[in-house]
Every structure is written in structure tokens, then in C-alpha cells.
file upload-v2.cif (mmCIF, C-alpha atoms)
data_my_file
#
loop_
_atom_site.label_atom_id
_atom_site.label_comp_id
_atom_site.auth_asym_id
_atom_site.auth_seq_id
_atom_site.Cartn_x
_atom_site.Cartn_y
_atom_site.Cartn_z
CA MET L 201 -34.80 -70.51 16.66
CA SER L 202 -31.94 -72.97 17.32
CA ASP L 203 -28.53 -72.02 18.69
CA GLN L 204 -26.92 -73.12 15.43
CA ALA L 205 -29.26 -70.94 13.38
CA THR L 206 -28.49 -67.83 15.46
CA GLY L 207 -24.78 -68.57 15.75
CA ALA L 208 -24.99 -68.48 19.55
CA VAL L 209 -22.90 -70.78 21.72
CA PRO L 210 -24.99 -72.57 24.36
CA ALA L 211 -24.33 -71.21 27.86
CA ASN L 212 -23.30 -74.64 29.15
CA GLU L 213 -20.75 -75.18 26.40
CA GLY L 214 -17.30 -74.48 27.84
CA VAL L 215 -14.17 -73.42 26.00
CA GLY L 216 -12.88 -76.44 24.10
CA VAL L 217 -9.63 -78.28 24.67
CA HIS L 218 -8.61 -77.12 21.18
CA VAL L 219 -7.48 -73.81 22.69
CA ARG L 220 -4.94 -75.51 24.92
CA THR L 221 -3.95 -77.93 22.16
CA ASN L 222 -3.29 -75.16 19.66
CA ARG L 223 -1.36 -73.07 22.14
CA GLU L 224 0.91 -76.00 23.00
CA ARG L 225 1.34 -77.03 19.38
CA TRP L 226 2.15 -73.51 18.15
CA ASN L 227 4.72 -73.17 20.91
CA GLU L 228 6.32 -76.38 19.64
CA ILE L 229 6.41 -75.49 15.94
CA SER L 230 6.85 -71.72 16.13
CA ASP L 231 10.64 -71.62 15.65
CA ASP L 232 10.52 -73.92 12.61
CA TYR L 233 7.58 -72.01 11.16
CA GLN L 234 9.30 -68.66 11.54
CA ARG L 235 12.56 -70.01 10.11
CA PHE L 236 10.90 -71.60 7.08
CA ASN L 237 8.83 -68.50 6.29
CA ALA L 238 11.52 -65.95 7.18
CA PRO L 239 11.99 -64.54 3.65
CA ARG L 240 8.31 -63.72 3.30
CA ILE L 241 7.91 -62.55 6.90
CA ARG L 242 10.87 -60.22 6.77
CA GLY L 243 10.02 -59.03 3.28
CA GLN L 244 6.57 -57.87 4.38
CA ALA L 245 7.77 -56.40 7.67
CA PHE L 246 10.61 -54.36 6.18
CA THR L 247 8.86 -53.18 3.01
CA GLY L 248 5.19 -52.95 3.98
CA ALA L 249 4.31 -54.87 0.78
CA ILE L 250 1.78 -57.26 2.32
CA ALA L 251 0.24 -60.18 0.43
CA TRP L 252 -2.60 -62.57 1.21
CA GLY L 253 -2.55 -66.31 1.67
CA LEU L 254 -0.38 -69.14 0.45
CA TRP L 255 -0.28 -67.69 -3.04
CA GLU L 256 0.86 -64.25 -1.87
CA LEU L 257 -1.72 -62.18 -3.71
CA PRO L 258 -0.81 -58.51 -3.11
CA GLU L 259 -3.01 -56.33 -0.94
CA SER L 260 -2.25 -53.59 -3.47
CA GLU L 261 -4.27 -55.60 -6.00
CA LEU L 262 -7.00 -57.03 -3.76
CA ASN L 263 -7.51 -53.88 -1.66
CA ILE L 264 -9.09 -55.82 1.21
CA LEU L 265 -8.08 -53.44 4.01
CA GLY L 266 -7.88 -50.19 2.08
CA ASP L 267 -6.30 -47.07 3.57
CA VAL L 268 -5.38 -47.85 7.18
CA ALA L 269 -3.69 -44.55 8.10
CA GLY L 270 -4.82 -43.39 11.54
CA LEU L 271 -7.01 -46.45 12.15
CA ASP L 272 -6.96 -48.74 15.20
CA VAL L 273 -6.33 -52.23 13.87
CA LEU L 274 -6.29 -55.61 15.62
CA GLU L 275 -4.49 -58.59 14.06
CA MET L 276 -6.10 -61.79 15.33
CA GLY L 277 -3.39 -64.44 15.58
CA CYS L 278 -0.51 -62.17 14.70
CA GLY L 279 2.24 -64.80 14.79
CA GLY L 280 5.47 -62.99 13.98
CA SER L 281 3.53 -59.72 13.44
CA GLN L 282 4.83 -58.99 9.97
CA TRP L 283 1.37 -57.80 8.92
CA SER L 284 0.97 -55.47 11.89
CA THR L 285 4.49 -54.19 11.30
CA ALA L 286 3.70 -53.50 7.65
CA LEU L 287 0.47 -51.72 8.61
CA ALA L 288 2.37 -49.60 11.13
CA ARG L 289 4.53 -48.47 8.20
CA ARG L 290 1.30 -47.44 6.49
CA GLY L 291 0.26 -45.25 9.41
CA ALA L 292 -2.08 -47.63 11.26
CA ASN L 293 -2.22 -48.07 15.03
CA PRO L 294 -1.92 -51.87 15.22
CA VAL L 295 -2.31 -54.29 18.10
CA GLY L 296 -1.32 -57.94 17.79
CA ILE L 297 -2.88 -60.80 19.73
CA ASP L 298 -1.74 -64.41 19.61
CA LEU L 299 -2.42 -67.57 21.58
CA SER L 300 1.23 -68.66 21.58
CA GLU L 301 3.84 -67.01 23.77
CA ARG L 302 6.54 -68.42 21.49
CA GLN L 303 5.03 -66.68 18.47
CA LEU L 304 4.91 -63.43 20.43
CA LEU L 305 8.59 -63.85 21.24
CA HIS L 306 9.26 -63.72 17.51
CA SER L 307 7.01 -60.66 17.25
CA ARG L 308 9.05 -58.84 19.88
CA ARG L 309 12.27 -59.78 18.13
CA LEU L 310 10.95 -58.33 14.88
CA GLN L 311 9.96 -55.14 16.68
CA ARG L 312 13.51 -54.75 17.96
CA GLU L 313 14.91 -55.27 14.46
CA THR L 314 12.50 -52.90 12.69
CA GLY L 315 12.26 -50.31 15.43
CA LEU L 316 8.46 -50.34 15.04
CA THR L 317 6.65 -51.04 18.29
CA PHE L 318 2.99 -51.62 19.10
CA PRO L 319 1.09 -53.54 21.79
CA LEU L 320 1.32 -57.34 21.77
CA VAL L 321 -1.16 -59.38 23.81
CA GLN L 322 -1.33 -63.08 24.55
CA GLY L 323 -4.87 -64.37 24.33
CA SER L 324 -7.49 -66.36 22.48
CA ALA L 325 -9.68 -64.99 19.69
CA GLU L 326 -12.57 -66.67 21.47
CA SER L 327 -12.27 -64.32 24.46
CA VAL L 328 -10.33 -61.16 23.67
CA PRO L 329 -9.34 -58.73 26.45
CA PHE L 330 -10.59 -55.57 24.74
CA ALA L 331 -13.55 -53.30 25.36
CA ASP L 332 -16.55 -53.08 23.04
CA ARG L 333 -16.02 -50.93 19.95
CA SER L 334 -12.24 -50.71 20.33
CA PHE L 335 -11.14 -51.11 16.70
CA HIS L 336 -11.82 -49.83 13.20
CA ILE L 337 -10.46 -53.05 11.66
CA VAL L 338 -10.10 -56.63 12.90
CA PHE L 339 -8.28 -58.92 10.47
CA ALA L 340 -6.14 -62.01 9.99
CA ASP L 341 -4.31 -63.69 7.15
CA HIS L 342 -4.61 -67.39 8.04
CA GLY L 343 -4.43 -66.35 11.68
CA ALA L 344 -6.75 -67.01 14.59
CA PHE L 345 -9.84 -67.56 12.45
CA SER L 346 -8.23 -70.69 11.04
CA PHE L 347 -7.94 -72.23 14.51
CA ALA L 348 -10.54 -70.64 16.81
CA ASP L 349 -14.13 -71.81 17.11
CA PRO L 350 -16.00 -69.51 14.68
CA ARG L 351 -19.09 -69.45 16.89
CA ARG L 352 -16.97 -67.77 19.56
CA ALA L 353 -14.42 -65.80 17.54
CA ILE L 354 -16.83 -64.07 15.17
CA PRO L 355 -19.09 -62.67 17.93
CA GLU L 356 -15.99 -61.45 19.78
CA SER L 357 -14.70 -59.73 16.66
CA ALA L 358 -18.08 -58.07 16.07
CA ARG L 359 -18.19 -56.94 19.70
CA ILE L 360 -14.87 -55.09 19.55
CA LEU L 361 -15.50 -53.51 16.16
CA ARG L 362 -16.78 -49.96 15.94
CA PRO L 363 -19.94 -49.28 13.93
CA GLY L 364 -18.99 -49.33 10.27
CA GLY L 365 -15.83 -51.26 11.13
CA LEU L 366 -14.22 -53.87 8.90
CA LEU L 367 -13.67 -57.57 9.64
CA ALA L 368 -11.47 -59.28 7.06
CA PHE L 369 -9.83 -62.68 7.21
CA SER L 370 -8.52 -65.46 5.00
CA HIS L 371 -8.81 -69.16 5.66
CA ILE L 372 -8.89 -72.51 3.89
CA SER L 373 -11.86 -72.96 1.59
CA PRO L 374 -14.60 -75.29 2.90
CA LEU L 375 -14.45 -77.01 -0.50
CA TYR L 376 -10.77 -77.79 0.04
CA GLU L 377 -11.47 -79.13 3.54
CA ILE L 378 -13.98 -81.75 2.38
CA THR L 379 -11.50 -83.26 -0.08
CA VAL L 380 -8.80 -83.89 2.56
CA GLU L 381 -8.74 -87.41 3.97
CA PRO L 382 -9.02 -87.46 7.79
CA GLY L 383 -5.46 -87.24 9.09
CA GLY L 384 -4.21 -86.13 5.67
CA ASP L 385 -2.45 -82.92 4.73
CA ARG L 386 -3.44 -82.26 1.13
CA ALA L 387 -6.54 -81.92 -1.00
CA GLY L 388 -7.76 -84.64 -3.31
CA ARG L 389 -10.30 -84.90 -6.11
CA ARG L 390 -13.04 -86.71 -4.19
CA LEU L 391 -15.39 -85.54 -1.47
CA VAL L 392 -14.30 -87.49 1.61
CA ARG L 393 -15.37 -85.38 4.59
CA ASP L 394 -18.86 -84.45 5.76
CA TYR L 395 -19.49 -80.89 4.58
CA PHE L 396 -22.22 -80.29 7.14
CA GLY L 397 -19.94 -81.58 9.90
CA LEU L 398 -17.32 -78.86 9.47
CA ARG L 399 -16.44 -76.95 12.62
CA MET L 400 -13.38 -78.19 14.56
CA PHE L 401 -11.07 -80.98 13.39
CA THR L 402 -7.50 -82.12 13.99
CA ASP L 403 -5.01 -81.73 11.15
CA ALA L 404 -2.10 -83.99 10.31
CA ASP L 405 0.30 -81.57 12.05
CA GLY L 406 -1.60 -81.83 15.35
CA LEU L 407 -3.22 -78.39 15.17
CA VAL L 408 -6.98 -78.13 15.55
CA SER L 409 -8.45 -76.20 12.62
CA ALA L 410 -11.81 -74.54 12.22
CA ASN L 411 -14.21 -74.06 9.35
CA LEU L 412 -17.93 -73.99 8.56
CA PRO L 413 -20.17 -74.58 5.54
CA TYR L 414 -20.69 -71.35 3.62
CA GLY L 415 -24.31 -71.06 4.71
CA GLU L 416 -23.35 -71.33 8.38
CA TRP L 417 -20.66 -68.68 7.94
CA ILE L 418 -23.19 -66.29 6.45
CA GLY L 419 -25.82 -67.02 9.10
CA LEU L 420 -23.24 -66.48 11.83
CA PHE L 421 -22.12 -63.16 10.35
CA ARG L 422 -25.70 -61.95 10.08
CA SER L 423 -26.47 -62.90 13.68
CA CYS L 424 -23.52 -60.75 14.78
CA GLY L 425 -24.55 -57.66 12.86
CA LEU L 426 -22.02 -58.20 10.08
CA THR L 427 -22.80 -57.70 6.40
CA VAL L 428 -20.83 -59.56 3.72
CA GLU L 429 -19.23 -57.07 1.36
CA ASP L 430 -17.19 -59.64 -0.53
CA LEU L 431 -16.06 -63.25 -0.59
CA ILE L 432 -12.90 -63.58 -2.63
CA GLU L 433 -12.03 -67.11 -3.68
CA THR L 434 -8.40 -66.57 -4.54
CA ARG L 435 -6.77 -68.22 -7.53
CA PRO L 436 -3.00 -68.37 -7.93
CA LYS L 437 -1.23 -67.55 -11.12
CA ALA L 438 0.19 -70.50 -13.02
CA ASP L 439 3.86 -70.91 -12.14
CA PRO L 440 5.93 -73.24 -14.36
CA ASN L 441 8.91 -72.89 -12.01
CA LEU L 442 7.23 -74.77 -9.18
CA THR L 443 8.09 -78.41 -8.63
CA GLY L 444 6.84 -81.34 -6.56
CA ARG L 445 4.26 -80.62 -3.87
CA GLN L 446 4.06 -76.89 -4.61
CA ARG L 447 3.36 -77.55 -8.28
CA SER L 448 0.63 -80.04 -7.39
CA ASP L 449 -0.97 -77.61 -4.91
CA ASN L 450 -0.81 -74.80 -7.46
CA SER L 451 -2.45 -76.98 -10.09
CA TRP L 452 -5.27 -77.92 -7.68
CA ALA L 453 -5.87 -74.31 -6.65
CA ARG L 454 -5.98 -73.21 -10.29
CA ARG L 455 -9.04 -75.45 -10.76
CA TRP L 456 -10.78 -75.19 -7.38
CA PRO L 457 -10.57 -72.64 -4.54
CA SER L 458 -8.09 -73.64 -1.83
CA GLU L 459 -8.36 -70.34 0.07
CA CYS L 460 -10.92 -67.59 0.50
CA ILE L 461 -11.06 -64.12 2.02
CA TRP L 462 -14.14 -62.70 3.74
CA ARG L 463 -14.69 -58.95 3.81
CA LEU L 464 -17.41 -57.91 6.27
CA ARG L 465 -18.81 -54.66 7.61
CA LYS L 466 -20.34 -54.12 11.05
CA THR L 467 -23.71 -52.57 10.34
CA SER L 468 -25.54 -53.14 13.63
CA GLY L 469 -24.93 -53.95 17.30
#
call {"tool": "encode", "arguments": {"input": "upload-v2.cif", "output": "C-alpha cells"}}
result
Amino acid sequence: MSDQATGAVPANEGVGVHVRTNRERWNEISDDYQRFNAPRIRGQAFTGAIAWGLWELPESELNILGDVAGLDVLEMGCGGSQWSTALARRGANPVGIDLSERQLLHSRRLQRETGLTFPLVQGSAESVPFADRSFHIVFADHGAFSFADPRRAIPESARILRPGGLLAFSHISPLYEITVEPGGDRAGRRLVRDYFGLRMFTDADGLVSANLPYGEWIGLFRSCGLTVEDLIETRPKADPNLTGRQRSDNSWARRWPSECIWRLRKTSG
């Protein structure tokens, strides 16, 4: 069976330059990102009312993570750690990991402001510094799984999950990806990118993103002992108050999935 079919990374394939690129780029844009998203970040951190994706669909409605009280939870690509902070309010024992030291600086600042502290670790989702079976839940909302090589990050996540543990993450829909012109930053209405060529590609903002065709995602999960419990292709509510780019994006996502959320259970390994 081929490496691609099993989801394995060939032994002679080293860690890609995308790891260094994304670390440098997130360090550059972190302050602007945190400033622009401050209302949402602070709202989640101080209230615990977490919501998924660009369209802010409430966890209370989607119930992706469920009851987290008393559970050991790892946020992959925690950024400013508003999710981990919110989960701490719900009784979880969170740990945040992020590639960018600048993002972790914002996480520490938020901890000082909220008074809620938990471990923060700098590292890549492709090689996490945790022992096997360390966590009940590994998750991300447009975090590390949007930028790390899936064929490295998914096996690592499965490794550190306990039997019966939950892996849940959101990312851009593969369908959305194949309508974006190379070097572009928005979806169109034509297929312009090779669907079967999805894996690592450079976005207009200089970040290197990751994705796979749906069949490859499922094959990779299965090879890591993960069972798909759900694939939620989120759809925003129509919002007549939006204007310009946001209105256009909302209109597109009302017709076709721009984001999706995987919910997986570790059943073997």
C-alpha cells in the first residue's frame, strides 16, 4: 500500500520550510490580528461563550466539544488562547500550543487580565512535545490544522489522544480552496485549482495553508485509528446588515460551504 494511501510520511521527507515560514509570518502579523479581532477574542475569553469559525456559530448550538469539565484539553494553535481561557471557565484543564512566540505573548497577556492561567507551549503541531495518551480532547478553531501538514499533524494528534478521546477542528472547506485563484484571497464561482493537488500552498497573505481532498482526509483519519463522528459544513445566517466584502463572503457561504468542522473519535491505537 502506498504512503499516501496509509497517510504515512516517508522517512526521508523532512519537516517542510512551511513551518519556519508560518512562524515568521505569524510573528509579523500577530499584533494586527489580535487588535482587529479583539472584540471577539475578549468576548469569548471573559464570558466563556465560544463560537466556531468566521461565522461565529455558537458551541452551545453545535455541541462539538460537549461537557469539558475535568478533562485534559489541548488547543492546537491557540493564538491568543481565548478558547482555552473559555474552556478553563467551564472546568477544563487546558494547555495551549502555538508556533508563534508573538501569539503566545498575547496569550500570556490575556491570562494576566483574566486571572486564568494554564500551560502555554511553543511548538509545531507536526511534532508536539507531549507523551502518548496525554489528552481527552485535542481541538482547534482555524488553528494549527489550517497551517500544519495534515500527514504529520493528524498522526501526532492521534498519538497524544487517550482511547475514546475527541479530535475536533475547523478549517477552510476543500471546495472553497479550489475556487480561489492562485495568489488570491477570496473564493470565486469557477474551479481554478487542482482538487487532487491540495496539501500545502501559499496564500495571498504569505502564510502557508494546508488542506486535503475529502477522501484523503478520511483515509488519513482511518490510518491513525480515528473514526469520523461528524463533518459539519457550516452555513452562516443571512445578515442584511453586512456590507462590501463581508456581504459577498456571506452570500457565497450561504450557497456553498466555506468552512467545515471535523469531529473524530480515537477508537484504536
call {"tool": "closest_residue", "arguments": {"input": "upload-v2.cif", "among": "L:Phe421, L:Phe335, L:Phe330, L:Trp456", "to": "Thr379 of chain L", "atoms": "only C-alpha atoms"}}
result
L:Trp456
call {"tool": "residues_near_point", "arguments": {"input": "upload-v2.cif", "point": "(-13.0, -83.2, 17.7)", "cutoff": "10 Å", "atoms": "all atoms listed in the file", "output": "MDAnalysis selection string"}}
result
chainID L and resid 216:218 399:402 408:409
call {"tool": "resolve_selection", "arguments": {"input": "upload-v2.cif", "expression": "the PyMOL selection byres ((chain L and resi 352) around 8)", "output": "MDAnalysis selection string"}}
result
chainID L and resid 209 325:327 348:351 353:356
call {"tool": "resolve_selection", "arguments": {"input": "upload-v2.cif", "expression": "the PyMOL selection byres ((chain L and resi 269) around 8)", "output": "JSON, numbers by chain"}}
result
{"L": [267, 268, 270, 271, 290, 291, 292, 293]}
call {"tool": "resolve_selection", "arguments": {"input": "upload-v2.cif", "expression": "the PyMOL selection byres ((chain L and resi 406) around 10)", "output": "list in words"}}
result
Thr221, Asn222, Glu224, Arg225, Trp226, Gly383, Phe401, Thr402, Asp403, Ala404, Asp405, Leu407, Val408 and Ser409 of chain L
call {"tool": "closest_residue", "arguments": {"input": "upload-v2.cif", "among": "L:Ala245, L:Leu367, L:Met276, L:Ile250", "to": "Gln311 of chain L", "atoms": "all atoms listed in the file"}}
result
L:Ala245
call {"tool": "atom_distance", "arguments": {"input": "upload-v2.cif", "atom1": "atom CA of His342 of chain L", "atom2": "atom CA of His371 of chain L"}}
result
5.1 Å
call {"tool": "closest_residue", "arguments": {"input": "upload-v2.cif", "among": "L:Ala344, L:Leu366, L:Ala410, L:Ala453", "to": "Val428 of chain L", "atoms": "all atoms listed in the file"}}
result
L:Leu366
call {"tool": "residues_around", "arguments": {"input": "upload-v2.cif", "residues": "Glu261 of chain L", "least_positions_apart": "4", "cutoff": "12 Å", "atoms": "all atoms listed in the file", "output": "count of residues only"}}
result
9
call {"tool": "closest_residue", "arguments": {"input": "upload-v2.cif", "among": "L:Leu361, L:Leu375, L:Val321, L:Leu442", "to": "Gly388 of chain L", "atoms": "all atoms listed in the file"}}
result
L:Leu375
call {"tool": "build_atoms", "arguments": {"input": "upload-v2.cif", "residues": "segment 248-269 of chain L", "atoms": "N, CA, C and O atoms", "output": "JSON list (two decimals), in the frame of the given file"}}
result
[["chain", "number", "residue", "atom", "x", "y", "z"],
["L", 248, "GLY", "N", 6.60, -53.32, 3.91],
["L", 248, "GLY", "CA", 5.19, -52.95, 3.98],
["L", 248, "GLY", "C", 4.38, -53.50, 2.82],
["L", 248, "GLY", "O", 3.18, -53.23, 2.71],
["L", 249, "ALA", "N", 5.00, -54.30, 1.95],
["L", 249, "ALA", "CA", 4.31, -54.87, 0.78],
["L", 249, "ALA", "C", 3.63, -56.17, 1.17],
["L", 249, "ALA", "O", 4.14, -57.26, 0.93],
["L", 250, "ILE", "N", 2.48, -56.08, 1.80],
["L", 250, "ILE", "CA", 1.78, -57.26, 2.32],
["L", 250, "ILE", "C", 1.04, -58.01, 1.21],
["L", 250, "ILE", "O", 0.62, -57.42, 0.22],
["L", 251, "ALA", "N", 0.90, -59.33, 1.42],
["L", 251, "ALA", "CA", 0.24, -60.18, 0.43],
["L", 251, "ALA", "C", -0.54, -61.26, 1.16],
["L", 251, "ALA", "O", -0.13, -61.74, 2.22],
["L", 252, "TRP", "N", -1.66, -61.66, 0.56],
["L", 252, "TRP", "CA", -2.60, -62.57, 1.21],
["L", 252, "TRP", "C", -2.36, -64.03, 0.84],
["L", 252, "TRP", "O", -2.15, -64.36, -0.33],
["L", 253, "GLY", "N", -2.43, -64.87, 1.86],
["L", 253, "GLY", "CA", -2.55, -66.31, 1.67],
["L", 253, "GLY", "C", -1.30, -66.99, 1.15],
["L", 253, "GLY", "O", -0.23, -66.40, 0.96],
["L", 254, "LEU", "N", -1.47, -68.29, 0.93],
["L", 254, "LEU", "CA", -0.38, -69.14, 0.45],
["L", 254, "LEU", "C", 0.18, -68.64, -0.87],
["L", 254, "LEU", "O", 1.38, -68.72, -1.12],
["L", 255, "TRP", "N", -0.71, -68.08, -1.70],
["L", 255, "TRP", "CA", -0.28, -67.69, -3.04],
["L", 255, "TRP", "C", 0.20, -66.25, -3.11],
["L", 255, "TRP", "O", 0.50, -65.74, -4.19],
["L", 256, "GLU", "N", 0.27, -65.60, -1.98],
["L", 256, "GLU", "CA", 0.86, -64.25, -1.87],
["L", 256, "GLU", "C", 0.27, -63.27, -2.88],
["L", 256, "GLU", "O", 0.98, -62.64, -3.66],
["L", 257, "LEU", "N", -1.04, -63.13, -2.83],
["L", 257, "LEU", "CA", -1.72, -62.18, -3.71],
["L", 257, "LEU", "C", -1.66, -60.79, -3.06],
["L", 257, "LEU", "O", -2.12, -60.60, -1.94],
["L", 258, "PRO", "N", -1.11, -59.82, -3.73],
["L", 258, "PRO", "CA", -0.81, -58.51, -3.11],
["L", 258, "PRO", "C", -2.05, -57.77, -2.63],
["L", 258, "PRO", "O", -3.06, -57.71, -3.33],
["L", 259, "GLU", "N", -1.95, -57.20, -1.44],
["L", 259, "GLU", "CA", -3.01, -56.33, -0.94],
["L", 259, "GLU", "C", -3.20, -55.14, -1.88],
["L", 259, "GLU", "O", -4.33, -54.65, -2.05],
["L", 260, "SER", "N", -2.15, -54.71, -2.54],
["L", 260, "SER", "CA", -2.25, -53.59, -3.47],
["L", 260, "SER", "C", -3.19, -53.90, -4.63],
["L", 260, "SER", "O", -3.76, -52.99, -5.24],
["L", 261, "GLU", "N", -3.36, -55.19, -4.94],
["L", 261, "GLU", "CA", -4.27, -55.60, -6.00],
["L", 261, "GLU", "C", -5.66, -55.93, -5.46],
["L", 261, "GLU", "O", -6.67, -55.57, -6.06],
["L", 262, "LEU", "N", -5.71, -56.61, -4.32],
["L", 262, "LEU", "CA", -7.00, -57.03, -3.76],
["L", 262, "LEU", "C", -7.72, -55.90, -3.04],
["L", 262, "LEU", "O", -8.94, -55.86, -3.00],
["L", 263, "ASN", "N", -6.95, -55.02, -2.40],
["L", 263, "ASN", "CA", -7.51, -53.88, -1.66],
["L", 263, "ASN", "C", -8.56, -54.33, -0.63],
["L", 263, "ASN", "O", -9.66, -53.77, -0.56],
["L", 264, "ILE", "N", -8.18, -55.30, 0.18],
["L", 264, "ILE", "CA", -9.09, -55.82, 1.21],
["L", 264, "ILE", "C", -9.21, -54.83, 2.36],
["L", 264, "ILE", "O", -10.31, -54.51, 2.82],
["L", 265, "LEU", "N", -8.09, -54.32, 2.84],
["L", 265, "LEU", "CA", -8.08, -53.44, 4.01],
["L", 265, "LEU", "C", -8.24, -51.97, 3.65],
["L", 265, "LEU", "O", -8.75, -51.18, 4.46],
["L", 266, "GLY", "N", -7.78, -51.59, 2.48],
["L", 266, "GLY", "CA", -7.88, -50.19, 2.08],
["L", 266, "GLY", "C", -6.88, -49.32, 2.83],
["L", 266, "GLY", "O", -5.89, -49.79, 3.38],
["L", 267, "ASP", "N", -7.18, -48.04, 2.89],
["L", 267, "ASP", "CA", -6.30, -47.07, 3.57],
["L", 267, "ASP", "C", -6.44, -47.25, 5.08],
["L", 267, "ASP", "O", -7.53, -47.11, 5.64],
["L", 268, "VAL", "N", -5.35, -47.58, 5.74],
["L", 268, "VAL", "CA", -5.38, -47.85, 7.18],
["L", 268, "VAL", "C", -4.79, -46.71, 8.01],
["L", 268, "VAL", "O", -4.74, -46.80, 9.23],
["L", 269, "ALA", "N", -4.35, -45.65, 7.38],
["L", 269, "ALA", "CA", -3.69, -44.55, 8.10],
["L", 269, "ALA", "C", -4.61, -43.99, 9.18],
["L", 269, "ALA", "O", -5.77, -43.65, 8.93]]
